[in-house]
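Source file: coords.cif; contents: mmCIF, C-alpha atoms.
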```cif
data_upload
#
loop_
_atom_site.label_atom_id
_atom_site.label_comp_id
_atom_site.auth_asym_id
_atom_site.auth_seq_id
_atom_site.Cartn_x
_atom_site.Cartn_y
_atom_site.Cartn_z
CA MET A 1 50.80 39.02 -29.70
CA VAL A 2 47.60 40.94 -30.32
CA LEU A 3 44.26 39.51 -29.19
CA ARG A 4 43.15 38.67 -32.74
CA ASP A 5 46.32 36.68 -33.43
CA LEU A 6 46.01 34.99 -30.07
CA ILE A 7 42.43 33.88 -30.76
CA LEU A 8 43.35 32.61 -34.24
CA ASP A 9 46.31 30.74 -32.83
CA THR A 10 44.06 29.22 -30.16
CA ILE A 11 41.52 28.08 -32.75
CA ARG A 12 44.30 26.48 -34.82
CA THR A 13 45.57 24.67 -31.74
CA LEU A 14 42.09 23.37 -30.91
CA TRP A 15 41.58 22.26 -34.50
CA SER A 16 44.88 20.39 -34.53
CA HIS A 17 43.72 18.40 -31.50
CA LYS A 18 40.21 17.59 -32.71
CA LEU A 19 39.67 14.44 -30.66
CA ARG A 20 40.79 16.05 -27.42
CA THR A 21 38.65 19.12 -28.14
CA PHE A 22 35.64 16.95 -28.96
CA LEU A 23 35.96 14.95 -25.74
CA THR A 24 36.23 18.12 -23.69
CA MET A 25 33.23 19.71 -25.40
CA PHE A 26 31.22 16.50 -25.10
CA GLY A 27 31.82 16.36 -21.34
CA ILE A 28 30.66 19.95 -20.86
CA ALA A 29 27.66 19.62 -23.19
CA TRP A 30 26.57 16.32 -21.62
CA GLY A 31 26.67 17.78 -18.11
CA ILE A 32 24.61 20.81 -19.14
CA ILE A 33 22.07 18.66 -21.02
CA SER A 34 21.70 16.34 -18.03
CA ILE A 35 21.01 18.96 -15.39
CA THR A 36 18.79 21.03 -17.71
CA LEU A 37 16.58 18.06 -18.58
CA MET A 38 16.43 16.81 -14.99
CA VAL A 39 15.39 20.16 -13.58
CA ALA A 40 12.97 20.71 -16.50
CA ALA A 41 11.27 17.39 -15.69
CA GLY A 42 10.93 18.34 -12.02
CA GLU A 43 9.55 21.76 -12.92
CA GLY A 44 7.07 20.21 -15.34
CA LEU A 45 5.84 17.87 -12.63
CA ARG A 46 5.45 20.74 -10.16
CA VAL A 47 3.54 22.94 -12.62
CA GLY A 48 1.35 20.03 -13.70
CA GLN A 49 0.42 19.23 -10.10
CA GLU A 50 -0.39 22.88 -9.39
CA ARG A 51 -2.49 23.17 -12.54
CA VAL A 52 -4.57 20.11 -11.70
CA ALA A 53 -4.98 21.23 -8.08
CA SER A 54 -6.11 24.69 -9.18
CA ASN A 55 -8.76 23.09 -11.40
CA PHE A 56 -10.48 21.84 -8.27
CA GLY A 57 -10.48 25.15 -6.41
CA LYS A 58 -8.45 28.20 -5.52
CA ASP A 59 -7.46 28.49 -1.85
CA ILE A 60 -10.71 27.27 -0.35
CA MET A 61 -11.67 25.33 2.75
CA ILE A 62 -14.67 23.05 2.40
CA VAL A 63 -16.43 22.57 5.73
CA PHE A 64 -18.72 19.56 6.11
CA ALA A 65 -21.33 19.04 8.80
CA GLY A 66 -20.64 16.26 11.28
CA ARG A 67 -21.04 15.39 14.96
CA THR A 68 -19.36 16.94 17.97
CA SER A 69 -16.73 14.78 19.62
CA MET A 70 -16.61 16.78 22.88
CA GLN A 71 -18.86 18.81 25.08
CA ALA A 72 -19.17 22.46 24.11
CA GLY A 73 -21.45 25.19 25.44
CA GLY A 74 -23.12 22.86 27.92
CA VAL A 75 -24.25 20.48 25.17
CA ARG A 76 -23.25 16.82 25.21
CA ALA A 77 -20.84 15.30 22.75
CA GLY A 78 -22.26 13.48 19.76
CA ARG A 79 -24.68 16.23 18.80
CA ALA A 80 -25.34 16.46 15.06
CA VAL A 81 -24.21 19.70 13.44
CA HIS A 82 -26.20 21.16 10.56
CA TRP A 83 -25.58 24.18 8.38
CA ASP A 84 -28.73 26.04 7.38
CA ASP A 85 -29.30 28.36 4.46
CA THR A 86 -28.55 31.51 6.48
CA ASP A 87 -25.30 30.44 8.17
CA TYR A 88 -23.14 31.62 5.28
CA ALA A 89 -24.32 35.22 5.70
CA SER A 90 -23.47 35.18 9.43
CA VAL A 91 -20.05 33.71 8.78
CA GLN A 92 -19.38 36.24 6.03
CA GLN A 93 -20.23 39.07 8.42
CA GLU A 94 -17.95 37.76 11.17
CA ALA A 95 -15.11 36.29 9.10
CA LEU A 96 -13.61 39.53 7.85
CA ALA A 97 -10.48 37.73 6.66
CA CYS A 98 -12.50 35.67 4.19
CA ARG A 99 -13.07 36.97 0.71
CA TYR A 100 -16.03 34.70 0.03
CA VAL A 101 -18.28 32.56 2.19
CA LEU A 102 -20.47 30.33 0.07
CA PRO A 103 -23.17 27.77 0.80
CA GLU A 104 -23.43 24.69 -1.35
CA LEU A 105 -26.31 22.28 -1.83
CA GLY A 106 -26.28 19.32 -4.18
CA THR A 107 -28.38 16.33 -5.14
CA GLU A 108 -28.79 13.72 -7.86
CA LYS A 109 -31.76 14.39 -10.14
CA PRO A 110 -33.12 13.04 -13.42
CA VAL A 111 -32.31 15.57 -16.14
CA ARG A 112 -33.67 15.42 -19.67
CA SER A 113 -33.43 17.41 -22.86
CA LEU A 114 -35.07 16.94 -26.26
CA TYR A 115 -32.24 14.60 -27.23
CA ASN A 116 -31.27 12.55 -24.19
CA SER A 117 -31.63 12.12 -20.43
CA GLY A 118 -29.79 10.86 -17.40
CA THR A 119 -29.38 11.09 -13.64
CA ILE A 120 -26.99 13.97 -13.06
CA SER A 121 -25.57 15.80 -10.05
CA VAL A 122 -27.22 19.22 -9.61
CA VAL A 123 -25.37 21.82 -7.52
CA GLY A 124 -26.61 25.18 -6.25
CA SER A 125 -24.44 27.98 -4.86
CA LEU A 126 -23.71 31.69 -5.28
CA PRO A 127 -22.16 33.32 -8.38
CA PRO A 128 -18.57 33.49 -6.98
CA PHE A 129 -18.65 29.69 -6.95
CA ALA A 130 -17.43 29.75 -10.56
CA GLU A 131 -14.31 31.67 -9.56
CA ILE A 132 -13.22 29.83 -6.43
CA ARG A 133 -14.11 26.36 -7.74
CA THR A 134 -12.57 27.08 -11.17
CA ILE A 135 -15.59 26.62 -13.43
CA PRO A 136 -14.33 28.09 -16.74
CA ILE A 137 -17.02 28.95 -19.25
CA ALA A 138 -16.71 27.84 -22.88
CA GLN A 139 -20.10 29.09 -24.10
CA GLY A 140 -22.56 31.58 -22.68
CA ARG A 141 -22.15 32.69 -19.06
CA PHE A 142 -22.35 31.57 -15.46
CA TYR A 143 -25.40 32.62 -13.44
CA ASN A 144 -25.11 36.07 -11.83
CA TRP A 145 -26.50 37.93 -8.81
CA ASP A 146 -29.68 38.91 -10.67
CA ASP A 147 -30.34 35.23 -11.37
CA GLN A 148 -29.75 34.51 -7.69
CA ALA A 149 -31.93 37.39 -6.43
CA GLU A 150 -34.87 36.47 -8.65
CA GLY A 151 -34.49 32.71 -8.26
CA ARG A 152 -34.38 32.23 -12.01
CA ARG A 153 -34.47 28.72 -13.39
CA VAL A 154 -31.24 28.94 -15.37
CA ALA A 155 -28.58 26.27 -15.66
CA VAL A 156 -24.89 25.92 -16.58
CA LEU A 157 -23.87 22.52 -17.92
CA GLY A 158 -20.62 20.70 -17.32
CA SER A 159 -18.82 19.76 -20.52
CA ASP A 160 -19.62 16.04 -20.16
CA THR A 161 -23.21 16.84 -19.23
CA LYS A 162 -23.58 18.94 -22.37
CA SER A 163 -22.27 16.05 -24.49
CA GLN A 164 -24.65 13.64 -22.79
CA LEU A 165 -27.77 15.78 -23.10
CA PHE A 166 -27.17 17.56 -26.41
CA ALA A 167 -24.37 15.71 -28.23
CA THR A 168 -23.51 18.01 -31.16
CA HIS A 169 -26.64 20.19 -30.88
CA PRO A 170 -26.22 23.79 -29.61
CA PRO A 171 -27.42 23.92 -25.98
CA LEU A 172 -27.61 27.68 -25.30
CA GLY A 173 -31.19 28.87 -24.90
CA GLU A 174 -32.54 25.32 -24.88
CA THR A 175 -34.78 24.03 -22.08
CA ILE A 176 -33.87 21.08 -19.91
CA HIS A 177 -36.06 19.52 -17.23
CA ILE A 178 -34.45 18.92 -13.87
CA GLY A 179 -36.93 16.72 -12.13
CA ASP A 180 -40.26 18.34 -12.96
CA PHE A 181 -38.91 21.88 -13.36
CA PRO A 182 -37.90 23.51 -16.67
CA TYR A 183 -34.53 25.28 -16.72
CA THR A 184 -32.99 27.38 -19.48
CA VAL A 185 -29.38 26.60 -20.42
CA ILE A 186 -27.32 29.80 -20.25
CA GLY A 187 -23.79 28.42 -20.27
CA VAL A 188 -21.47 25.46 -20.83
CA MET A 189 -18.20 25.02 -18.95
CA LYS A 190 -14.89 24.15 -20.55
CA ALA A 191 -13.49 20.67 -20.15
CA LYS A 192 -10.89 20.47 -17.39
CA ASP A 193 -8.72 17.92 -15.62
CA GLN A 194 -9.71 17.29 -12.02
CA ASP A 195 -7.99 14.83 -9.70
CA SER A 196 -10.20 15.12 -6.62
CA SER A 197 -13.74 15.92 -5.59
CA TYR A 198 -16.16 15.52 -2.71
CA ASP A 199 -19.34 15.00 -4.76
CA GLY A 200 -18.33 14.12 -8.30
CA PHE A 201 -16.41 15.78 -11.10
CA ASP A 202 -17.52 19.25 -12.20
CA VAL A 203 -17.71 18.33 -15.89
CA ARG A 204 -20.56 15.92 -15.04
CA LYS A 205 -22.74 18.40 -13.16
CA VAL A 206 -25.47 20.99 -13.68
CA PHE A 207 -25.00 24.31 -11.85
CA ILE A 208 -28.01 26.41 -10.86
CA PRO A 209 -28.50 29.46 -8.58
CA PHE A 210 -28.63 28.76 -4.85
CA SER A 211 -32.07 30.35 -4.44
CA ALA A 212 -33.53 28.12 -7.17
CA MET A 213 -31.88 25.09 -5.62
CA LEU A 214 -33.35 25.79 -2.20
CA ARG A 215 -36.82 26.37 -3.64
CA ASP A 216 -36.99 23.47 -6.08
CA PHE A 217 -34.68 20.84 -4.54
CA PRO A 218 -34.36 21.26 -0.76
CA ASN A 219 -32.81 18.52 1.34
CA LYS A 220 -35.16 15.68 2.14
CA PRO A 221 -35.73 14.04 5.54
CA PRO A 222 -33.99 13.07 7.72
CA ALA A 223 -32.11 16.27 6.79
CA LEU A 224 -33.72 19.55 7.79
CA PRO A 225 -35.57 21.32 4.93
CA HIS A 226 -33.47 24.49 5.18
CA SER A 227 -30.14 22.75 5.68
CA ILE A 228 -27.27 22.83 3.22
CA ASP A 229 -24.55 20.28 2.55
CA ARG A 230 -21.43 22.32 3.23
CA LEU A 231 -19.83 25.72 3.65
CA LEU A 232 -16.68 26.85 1.92
CA VAL A 233 -15.26 28.53 5.06
CA THR A 234 -14.42 27.73 8.66
CA PRO A 235 -17.61 27.99 10.80
CA LYS A 236 -17.71 30.60 13.55
CA SER A 237 -19.80 28.77 16.11
CA LEU A 238 -17.55 25.81 16.99
CA GLU A 239 -14.21 25.32 18.73
CA ASP A 240 -11.37 25.17 16.24
CA HIS A 241 -10.02 21.96 17.69
CA ASP A 242 -13.22 19.88 17.32
CA LYS A 243 -12.45 18.41 13.93
CA GLU A 244 -15.17 15.76 14.19
CA ALA A 245 -17.93 18.38 14.42
CA ALA A 246 -16.85 20.16 11.27
CA SER A 247 -14.35 18.34 9.11
CA ILE A 248 -12.44 20.72 6.87
CA TRP A 249 -10.90 20.05 3.49
CA ASP A 250 -8.27 22.76 3.33
CA THR A 251 -7.08 23.17 -0.26
CA VAL A 252 -4.58 25.83 0.89
CA GLU A 253 -2.76 23.23 2.97
CA ASP A 254 -3.12 20.70 0.18
CA THR A 255 -1.47 23.13 -2.23
CA LYS A 256 1.40 23.69 0.21
CA ALA A 257 1.84 19.94 0.61
CA PHE A 258 1.81 19.47 -3.18
CA ARG A 259 4.37 22.23 -3.59
CA THR A 260 6.62 20.71 -0.93
CA MET A 261 6.39 17.29 -2.57
CA THR A 262 7.01 18.52 -6.11
CA ASP A 263 9.81 20.85 -5.01
CA SER A 264 11.46 17.90 -3.27
CA MET A 265 11.19 15.85 -6.44
CA LYS A 266 12.59 18.72 -8.48
CA TYR A 267 15.52 19.10 -6.09
CA PHE A 268 16.12 15.35 -6.19
CA LEU A 269 16.14 15.35 -9.99
CA GLY A 270 18.39 18.41 -9.90
CA ALA A 271 20.76 16.56 -7.57
CA VAL A 272 20.85 13.64 -10.01
CA GLY A 273 21.62 16.14 -12.75
CA LEU A 274 24.36 17.67 -10.61
CA VAL A 275 25.95 14.25 -10.23
CA SER A 276 25.97 13.93 -14.01
CA LEU A 277 27.33 17.46 -14.17
CA PHE A 278 30.24 16.67 -11.88
CA LEU A 279 30.92 13.43 -13.72
CA GLY A 280 31.14 15.49 -16.88
CA GLY A 281 33.37 17.95 -15.02
CA ILE A 282 35.71 15.17 -13.97
CA GLY A 283 35.94 14.07 -17.57
CA VAL A 284 36.71 17.64 -18.62
CA MET A 285 39.35 17.93 -15.92
CA ASN A 286 41.08 14.71 -16.97
CA VAL A 287 41.12 15.72 -20.62
CA MET A 288 42.45 19.20 -19.82
CA LEU A 289 45.14 17.85 -17.48
CA VAL A 290 46.32 15.45 -20.14
CA ALA A 291 46.24 18.24 -22.73
CA VAL A 292 48.39 20.55 -20.60
CA LYS A 293 50.82 17.75 -19.83
CA GLU A 294 51.14 16.89 -23.51
CA ARG A 295 51.81 20.52 -24.35
CA THR A 296 54.62 21.01 -21.84
CA ARG A 297 57.17 20.83 -24.66
CA GLU A 298 55.12 23.34 -26.67
CA ILE A 299 55.17 25.67 -23.68
CA GLY A 300 58.94 25.28 -23.49
CA VAL A 301 59.30 26.24 -27.15
CA ARG A 302 57.14 29.32 -26.66
CA LYS A 303 59.14 30.42 -23.65
CA ALA A 304 62.38 29.78 -25.48
CA VAL A 305 61.37 32.17 -28.27
CA GLY A 306 60.41 34.88 -25.78
CA ALA A 307 56.81 34.21 -24.73
CA SER A 308 56.13 35.28 -21.17
CA ALA A 309 54.25 33.19 -18.62
CA ARG A 310 51.39 35.68 -18.83
CA VAL A 311 51.00 35.16 -22.59
CA ILE A 312 50.97 31.39 -22.16
CA LEU A 313 48.38 31.57 -19.43
CA ARG A 314 46.26 33.94 -21.52
CA GLN A 315 46.26 31.49 -24.42
CA PHE A 316 45.16 28.62 -22.19
CA PHE A 317 42.51 30.87 -20.67
CA ILE A 318 41.08 31.89 -24.06
CA GLU A 319 41.29 28.33 -25.32
CA THR A 320 39.31 27.06 -22.34
CA LEU A 321 36.76 29.87 -22.64
CA ILE A 322 36.17 29.04 -26.30
CA VAL A 323 35.68 25.37 -25.49
CA VAL A 324 33.42 26.07 -22.49
CA PHE A 325 31.18 28.64 -24.16
CA LEU A 326 30.94 26.77 -27.45
CA SER A 327 30.16 23.41 -25.87
CA GLY A 328 27.93 25.04 -23.26
CA GLY A 329 25.95 26.78 -25.98
CA VAL A 330 25.64 23.54 -27.94
CA GLY A 331 24.52 21.70 -24.79
CA LEU A 332 21.90 24.31 -23.97
CA GLY A 333 20.68 24.33 -27.56
CA ILE A 334 20.29 20.54 -27.58
CA ALA A 335 18.59 20.56 -24.16
CA TYR A 336 16.11 23.29 -25.07
CA GLY A 337 15.48 21.66 -28.44
CA LEU A 338 14.69 18.34 -26.75
CA THR A 339 12.32 20.03 -24.30
CA ALA A 340 10.52 21.78 -27.16
CA LEU A 341 10.12 18.48 -29.06
CA VAL A 342 8.87 16.63 -25.99
CA ASP A 343 6.39 19.42 -25.24
CA LEU A 344 4.78 18.86 -28.64
CA LEU A 345 3.59 15.46 -27.43
CA PRO A 346 0.33 15.04 -25.46
CA MET A 347 1.08 15.19 -21.75
CA PRO A 348 -0.49 13.20 -18.91
CA MET A 349 -2.70 15.05 -16.45
CA TYR A 350 -0.06 15.59 -13.76
CA PHE A 351 2.80 16.59 -16.07
CA ALA A 352 3.07 19.96 -17.80
CA GLY A 353 6.00 18.94 -20.00
CA LEU A 354 9.71 19.65 -19.79
CA LEU A 355 10.00 23.21 -18.47
CA PRO A 356 13.65 24.32 -18.32
CA THR A 357 14.62 27.16 -16.00
CA TRP A 358 17.29 29.76 -16.59
CA GLN A 359 18.65 29.13 -13.08
CA SER A 360 19.60 25.55 -13.96
CA ALA A 361 21.28 26.70 -17.18
CA VAL A 362 23.33 29.37 -15.39
CA LEU A 363 24.28 26.97 -12.58
CA SER A 364 25.45 24.21 -14.89
CA PHE A 365 27.30 26.68 -17.09
CA ALA A 366 29.08 28.26 -14.12
CA LEU A 367 30.03 24.96 -12.47
CA LEU A 368 31.37 23.31 -15.60
CA GLY A 369 33.15 26.49 -16.67
CA THR A 370 34.81 26.71 -13.27
CA VAL A 371 35.93 23.08 -13.42
CA ALA A 372 37.30 23.53 -16.92
CA LEU A 373 39.15 26.74 -16.08
CA CYS A 374 40.66 25.34 -12.90
CA SER A 375 41.70 22.10 -14.55
CA ALA A 376 43.38 23.98 -17.40
CA LEU A 377 44.86 27.05 -15.72
CA TYR A 378 46.38 25.44 -12.65
CA PRO A 379 48.57 22.95 -14.59
CA ALA A 380 49.28 25.61 -17.21
CA ARG A 381 50.53 27.98 -14.51
CA ARG A 382 52.86 25.30 -13.22
CA ALA A 383 54.06 24.52 -16.73
CA ALA A 384 54.53 28.21 -17.53
CA ASN A 385 56.77 28.57 -14.50
CA VAL A 386 58.98 25.65 -15.50
CA ASP A 387 62.43 26.44 -16.83
CA PRO A 388 62.32 26.45 -20.67
CA ILE A 389 65.21 24.00 -20.87
CA VAL A 390 63.41 21.52 -18.61
CA ALA A 391 60.20 21.95 -20.62
CA LEU A 392 62.06 21.37 -23.90
CA ARG A 393 63.52 18.15 -22.52
CA TYR A 394 60.06 16.85 -21.58
CA GLU A 395 58.97 13.79 -23.53
CA PRO A 396 55.23 12.91 -23.49
CA GLY A 397 54.73 9.54 -21.79
CA GLY A 398 58.18 9.72 -20.31
#
```

What would you get if you wrote out this structure as structure tokens?
Amino acid sequence: MVLRDLILDTIRTLWSHKLRTFLTMFGIAWGIISITLMVAAGEGLRVGQERVASNFGKDIMIVFAGRTSMQAGGVRAGRAVHWDDTDYASVQQEALACRYVLPELGTEKPVRSLYNSGTISVVGSLPPFAEIRTIPIAQGRFYNWDDQAEGRRVAVLGSDTKSQLFATHPPLGETIHIGDFPYTVIGVMKAKDQDSSYDGFDVRKVFIPFSAMLRDFPNKPPALPHSIDRLLVTPKSLEDHDKEAASIWDTVEDTKAFRTMTDSMKYFLGAVGLVSLFLGGIGVMNVMLVAVKERTREIGVRKAVGASARVILRQFFIETLIVVFLSGGVGLGIAYGLTALVDLLPMPMYFAGLLPTWQSAVLSFALLGTVALCSALYPARRAANVDPIVALRYEPGG
């Protein structure tokens, strides 16, 4: 029997047992759909968490001033620690492993435009602040090193701040008054999701150069006039283990913790999908075992007319491959179609949608294919080795 005739004969056999074929294909397709959707949900959660975390900042450590909790350098415990406006340069010089070392100074100030006013958080830092704190620009630009060097009174508005001060009016080039000082709007940031902050959400702020901030809005007593609120690096002058003196918000560790948590959830959902996969595999196995048992007489007829055990096994093998690949393809198509439809819907902040991975598709395909092949070929091998006379005498249900 040539391969073409064998395939056509296999298709006719499958078509003559439509219910059995449908049940087998449904078990395989259901298992693949289950694990694909489960893993896609876990991956969507992981990506969503990472996206929101990256909107706060990219691999930064925020170091706050505090009080020492132990004696160090001959000075008693309980001493207040302050960062001044020159510490960042010293840290940058010593901390060669750090790409950026930035000061940050912020305060609440009355801000007004020609159209509206309000009390808004004003933040001053250096130009790389936009990169490491993820301040995307929708209009105009962020302040640059020339603005910093010359202490220019220029401002970048958060998206909510722009809506509050200007509504639908174009803000670029307009003048706003921060306190008593006029500032020119040079940029507006894009709206972004942000799940954490230490001094308010970025979309509700005004960003100005650090030099202008120090000149126009220095810290007020009891803080020192040249002090700043925080550094975005680990300070060089204190013992690493004195966490009370300089509390550190380490977004690198936070990202690792988020990844561990979301990976665990993805693996858990994948395990749930695997359970569904194996349940589908058991269903496939039962259907295939029954199918082989019912066809024992057919196998006897084929052997009686001269078919070898190898030909019989080959037919079962091709039949199973057709069922597995066809139902697997249908299952993957349905799963990917469902993920595409779900992704058209608006997603919550922490969820990026259903994101299927090729690894889950290959795994489910391989496992279910293996179960189907084993459940079909092992009984078929036993049946093919039975004496034709015994096989011809076999009565289904007997």

query: Looking at all atoms listed in the file, which of A:Glu298, A:Asp146, A:Asp229, A:Glu43 is the one that sits closest to Pro103 (chain A)?
result: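 Result for the nearest residue to Pro103 (chain A): A:Asp229.
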
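Residue nearest Leu114 (chain A) within the list A:Ile33, A:Ala191, A:Cys98, A:Leu165: A:Leu165 [criterion: smallest interatomic distance, all atoms listed in the file].
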
query: How far is it from CA of Phe210 (chain A) to CA of Gln148 (chain A), in Å with one decimal?
result: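 Going from CA of Phe210 (chain A) over to CA of Gln148 (chain A) covers 6.5 Å.
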
Å distance separating CA of Ser227 (chain A) from CA of His82 (chain A), one decimal place: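 Atom-to-atom, CA of Ser227 (chain A) to CA of His82 (chain A), that is 6.5 Å.
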
query: Quick one: residues within 9 Å of Val156 (chain A), all atoms listed in the file counted, chain neighbours fewer than 4 positions away excluded, as number ranges by chain?
result: A: 137, 140-143, 184-189, 205-208

task: Tell me, in Å to one decimal, how far CA of Leu313 (chain A) is from CA of Leu326 (chain A).
output: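 Distance reported for this atom pair: 19.8 Å.
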
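Using only C-alpha atoms, the nearest neighbour of Lys162 (chain A) within the list A:Ala149, A:Leu19, A:Val111, A:Leu355 is A:Val111.
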
field: Residues within 6 Å of (-28.0, 12.7, -12.8), file coords, all atoms listed in the file, listed as an MDAnalysis selection string
entry: chainID A and resid 108:110 118:121

field: Residue nearest Lys190 (chain A) among A:Asp85, A:Glu174, A:Asp160, A:Glu94 (counting all atoms listed in the file)
entry: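 Answer, going by the shortest atom-to-atom distance: A:Asp160.
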
- request: Could you give me, as a list in words, the residues that sit within 8 Å of (-28.5, 20.0, -5.5) in the file's coordinates, counting all atoms listed in the file?
  value: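 These residues have at least one counted atom within 8 Å: Leu105, Gly106, Thr107, Glu108, Lys109, Ser121, Val122, Val123, Gly124, Met213, Phe217 and Pro218 of chain A.
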
field: Residues matched by the PyMOL selection byres ((chain A and resi 178) around 7), written as a VMD selection string
entry: chain A and resid 109 to 112 176 to 177 179 to 183

Write region 151-170 of chain A as an mmCIF file, in the coordinates of the input, completed to N, CA and C atoms.
```cif
data_model
loop_
_atom_site.group_PDB
_atom_site.id
_atom_site.type_symbol
_atom_site.label_atom_id
_atom_site.label_comp_id
_atom_site.auth_asym_id
_atom_site.auth_seq_id
_atom_site.Cartn_x
_atom_site.Cartn_y
_atom_site.Cartn_z
ATOM 1 N N GLY A 151 -34.238 34.153 -8.256
ATOM 2 C CA GLY A 151 -34.490 32.710 -8.260
ATOM 3 C C GLY A 151 -34.781 32.152 -9.631
ATOM 4 N N ARG A 152 -34.091 32.652 -10.648
ATOM 5 C CA ARG A 152 -34.380 32.230 -12.010
ATOM 6 C C ARG A 152 -33.985 30.766 -12.234
ATOM 7 N N ARG A 153 -34.774 30.106 -13.036
ATOM 8 C CA ARG A 153 -34.470 28.720 -13.390
ATOM 9 C C ARG A 153 -33.548 28.711 -14.615
ATOM 10 N N VAL A 154 -32.270 28.966 -14.335
ATOM 11 C CA VAL A 154 -31.240 28.940 -15.370
ATOM 12 C C VAL A 154 -30.187 27.919 -14.960
ATOM 13 N N ALA A 155 -29.513 27.354 -15.943
ATOM 14 C CA ALA A 155 -28.580 26.270 -15.660
ATOM 15 C C ALA A 155 -27.318 26.413 -16.497
ATOM 16 N N VAL A 156 -26.186 26.013 -15.889
ATOM 17 C CA VAL A 156 -24.890 25.920 -16.580
ATOM 18 C C VAL A 156 -24.508 24.454 -16.600
ATOM 19 N N LEU A 157 -24.160 23.947 -17.760
ATOM 20 C CA LEU A 157 -23.870 22.520 -17.920
ATOM 21 C C LEU A 157 -22.377 22.267 -17.875
ATOM 22 N N GLY A 158 -21.983 21.189 -17.187
ATOM 23 C CA GLY A 158 -20.620 20.700 -17.320
ATOM 24 C C GLY A 158 -20.383 20.195 -18.733
ATOM 25 N N SER A 159 -19.115 20.139 -19.139
ATOM 26 C CA SER A 159 -18.820 19.760 -20.520
ATOM 27 C C SER A 159 -19.306 18.343 -20.846
ATOM 28 N N ASP A 160 -19.127 17.398 -19.917
ATOM 29 C CA ASP A 160 -19.620 16.040 -20.160
ATOM 30 C C ASP A 160 -21.142 15.991 -20.146
ATOM 31 N N THR A 161 -21.747 16.786 -19.274
ATOM 32 C CA THR A 161 -23.210 16.840 -19.230
ATOM 33 C C THR A 161 -23.779 17.367 -20.539
ATOM 34 N N LYS A 162 -23.134 18.402 -21.088
ATOM 35 C CA LYS A 162 -23.580 18.940 -22.370
ATOM 36 C C LYS A 162 -23.506 17.874 -23.458
ATOM 37 N N SER A 163 -22.409 17.101 -23.482
ATOM 38 C CA SER A 163 -22.270 16.050 -24.490
ATOM 39 C C SER A 163 -23.333 14.982 -24.303
ATOM 40 N N GLN A 164 -23.649 14.671 -23.053
ATOM 41 C CA GLN A 164 -24.650 13.640 -22.790
ATOM 42 C C GLN A 164 -26.045 14.089 -23.187
ATOM 43 N N LEU A 165 -26.407 15.317 -22.883
ATOM 44 C CA LEU A 165 -27.770 15.780 -23.100
ATOM 45 C C LEU A 165 -28.009 16.316 -24.514
ATOM 46 N N PHE A 166 -26.952 16.887 -25.128
ATOM 47 C CA PHE A 166 -27.170 17.560 -26.410
ATOM 48 C C PHE A 166 -26.296 17.038 -27.542
ATOM 49 N N ALA A 167 -25.293 16.215 -27.199
ATOM 50 C CA ALA A 167 -24.370 15.710 -28.230
ATOM 51 C C ALA A 167 -23.789 16.883 -29.023
ATOM 52 N N THR A 168 -24.063 16.934 -30.331
ATOM 53 C CA THR A 168 -23.510 18.010 -31.160
ATOM 54 C C THR A 168 -24.476 19.176 -31.336
ATOM 55 N N HIS A 169 -25.660 19.118 -30.735
ATOM 56 C CA HIS A 169 -26.640 20.190 -30.880
ATOM 57 C C HIS A 169 -26.256 21.389 -29.998
ATOM 58 N N PRO A 170 -26.510 22.605 -30.449
ATOM 59 C CA PRO A 170 -26.220 23.790 -29.610
ATOM 60 C C PRO A 170 -27.141 23.837 -28.399
#
```
